[in-house]
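J.: First the structure, which I've put down as structure tokens, then a few questions once you've had a look.
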Amino acid sequence: MIGRRLQTPAEDQNAFTDILFNALLGFAFMFFVAFILIRPQIPDGKISPKAEFMITAQWPDGHTDDVDLIVEDGEGNLVWFDTREAGLMHLDRDDRGALGDNITVNGQRIENPLNQEIVTLRGIAAGEYVVNLLHYKSPTKRPVEVKVKVEKLNPQVTLIYAGNNTLAGAGDEQTAIRFRLDAAGNVVEMARRNKLLIRANPVEQQKAGSQ
């Protein structure tokens with residue numbers, strides 16, 4: 001009788017411990033399931049809608065020449081290194097060739113050889129957009145090939161245009177692409193007719209020199 005009385009509390013304690021452990025296990029499982037259900041899903045092919053279009057100009061990595069991306073909207077606003085924001089356009093990255101490609105962090109030299117300029121359109125405004133390239137500085141004194149891309153970002157990334165321009169040297173400005181948007185942001189027309197945005201038209205320069 002005494003032996004049974006001594007064993008009863010231990011048996012009751014083990015049963016209580018098992019119940020408590022199972023309850024904690026169940027709570028942890030429910031928390032894990034709830035966390036999975038509330039975690040935001042990121043659909044494939046979709047990005048943050050902070051920009052509607054992205055225009056990229058890229059030339060060979062490590063190249064010392066400075067190439068500028070210039071974009072004009074339908075209202076005549078210009079965005080480039082001299083004016084980083086205009087209308088709904090924004091110059092997100094201004095690359096100056098080899099200048100600034102190396103930085104020192106905690107005594108360690110870090111190199112970024114990428115040569116790339118990026119302009120984003122933060123909203124949709126109907127009209128024609130002109131995308132130009134300017135060979136701003138040419139330490140190499142040689143032609144440089146520049147790749148240009150225009151991408152529509154929403155509701156998923158769509159390539160609108162991809163092409164190459166060969167800039168002849170410092171001061172050379174060329175039109176890479178012209179595209180027209182409707183009010184819904186659809187590209188309704190594209191062309192490559194040259195339009196100078198920064199440098200004066202050669203005919204106008206000649207007239208000015210003769211005056």
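By convention in this document, the chains of the structure tokens carry letters A, B, ... by their order, each chain's residues are numbered from 1, and ligands are numbered from 1 in the order they are shown.
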Tell me which protein, DNA and RNA residues are within 8 Å of A:Phe179, counting only C-alpha atoms, leaving out same-chain ones fewer than 6 positions away, and put them as a PyMOL selection string.
T.: chain A and resi 128-130+187-191
J.: List the spatial neighbours of A:Thr158 as a short mmCIF file (atom, residue, chain, number, x, y, z; two decimals) with N, CA and C atoms, in the first residue's frame - criterion: any atom at most 12 Å away, only C-alpha atoms, same-chain residues fewer than 2 positions off excluded.
T.:
```
data_model
loop_
_atom_site.label_atom_id
_atom_site.label_comp_id
_atom_site.auth_asym_id
_atom_site.auth_seq_id
_atom_site.Cartn_x
_atom_site.Cartn_y
_atom_site.Cartn_z
N GLY A 45 8.25 37.09 -62.12
CA GLY A 45 8.16 38.03 -63.23
C GLY A 45 7.56 39.38 -62.87
N LYS A 46 7.29 39.63 -61.56
CA LYS A 46 6.73 40.91 -61.17
C LYS A 46 7.73 41.62 -60.26
N ILE A 47 7.73 42.96 -60.35
CA ILE A 47 8.65 43.75 -59.56
C ILE A 47 7.89 44.88 -58.88
N GLU A 52 7.77 52.67 -64.08
CA GLU A 52 6.99 52.06 -65.16
C GLU A 52 7.88 51.60 -66.31
N PHE A 53 8.93 52.36 -66.60
CA PHE A 53 9.87 52.02 -67.66
C PHE A 53 11.29 52.22 -67.16
N MET A 54 12.20 51.41 -67.68
CA MET A 54 13.61 51.56 -67.37
C MET A 54 14.42 51.58 -68.67
N ILE A 55 15.26 52.60 -68.80
CA ILE A 55 16.11 52.76 -69.98
C ILE A 55 17.56 52.62 -69.53
N LYS A 149 18.85 49.53 -73.91
CA LYS A 149 17.64 48.74 -73.70
C LYS A 149 16.53 49.63 -73.14
N VAL A 150 15.31 49.38 -73.60
CA VAL A 150 14.13 50.01 -73.03
C VAL A 150 13.21 48.88 -72.57
N GLU A 151 12.85 48.89 -71.27
CA GLU A 151 12.02 47.83 -70.71
C GLU A 151 10.79 48.42 -70.03
N LYS A 152 9.65 47.80 -70.28
CA LYS A 152 8.41 48.14 -69.57
C LYS A 152 8.35 47.22 -68.35
N LEU A 153 8.16 47.79 -67.16
CA LEU A 153 8.33 47.02 -65.93
C LEU A 153 7.05 46.42 -65.37
N ASN A 154 5.91 46.99 -65.67
CA ASN A 154 4.67 46.52 -65.06
C ASN A 154 3.63 46.15 -66.11
N PRO A 155 2.82 45.12 -65.89
CA PRO A 155 2.78 44.28 -64.69
C PRO A 155 3.91 43.25 -64.61
N GLN A 156 4.67 43.08 -65.71
CA GLN A 156 5.86 42.24 -65.68
C GLN A 156 6.86 42.85 -66.66
N ILE A 160 11.13 46.26 -74.66
CA ILE A 160 10.55 47.08 -75.72
C ILE A 160 11.54 47.28 -76.85
N TYR A 161 12.80 47.50 -76.50
CA TYR A 161 13.82 47.76 -77.51
C TYR A 161 15.19 47.35 -76.99
N ALA A 162 16.02 46.82 -77.88
CA ALA A 162 17.43 46.54 -77.57
C ALA A 162 18.22 46.77 -78.85
N ASN A 186 1.06 52.13 -73.37
CA ASN A 186 1.41 51.22 -74.45
C ASN A 186 2.31 51.93 -75.45
N VAL A 187 3.31 51.21 -75.95
CA VAL A 187 4.20 51.76 -76.97
C VAL A 187 3.49 51.63 -78.31
#
```
J.: Of the candidates A:Val79, A:Leu25, A:Leu69, A:Ile177, which one gets nearest to A:Gln116 if we count only C-alpha atoms?
T.: A:Leu69
J.: Near A:Glu117, counting only C-alpha atoms, which residues have an atom at most 12 Å away, once you skip same-chain residues fewer than 2 positions from it, shown as a PyMOL selection string?
T.: chain A and resi 54-59+66-71+79-81+84+90-97+114-115+119-120+132-134+146-149
J.: To one decimal in Å, tell me the separation between atom CA of A:Ala183 and atom CA of A:Ala126.
T.: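 Between atom CA of A:Ala183 and atom CA of A:Ala126 the gap is 4.9 Å.
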J.: Could you state the separation of atom CA of A:Ser138 and atom CA of A:Asp61 in Å, given to one decimal place?
T.: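 Distance between the two atoms: 14.8 Å.
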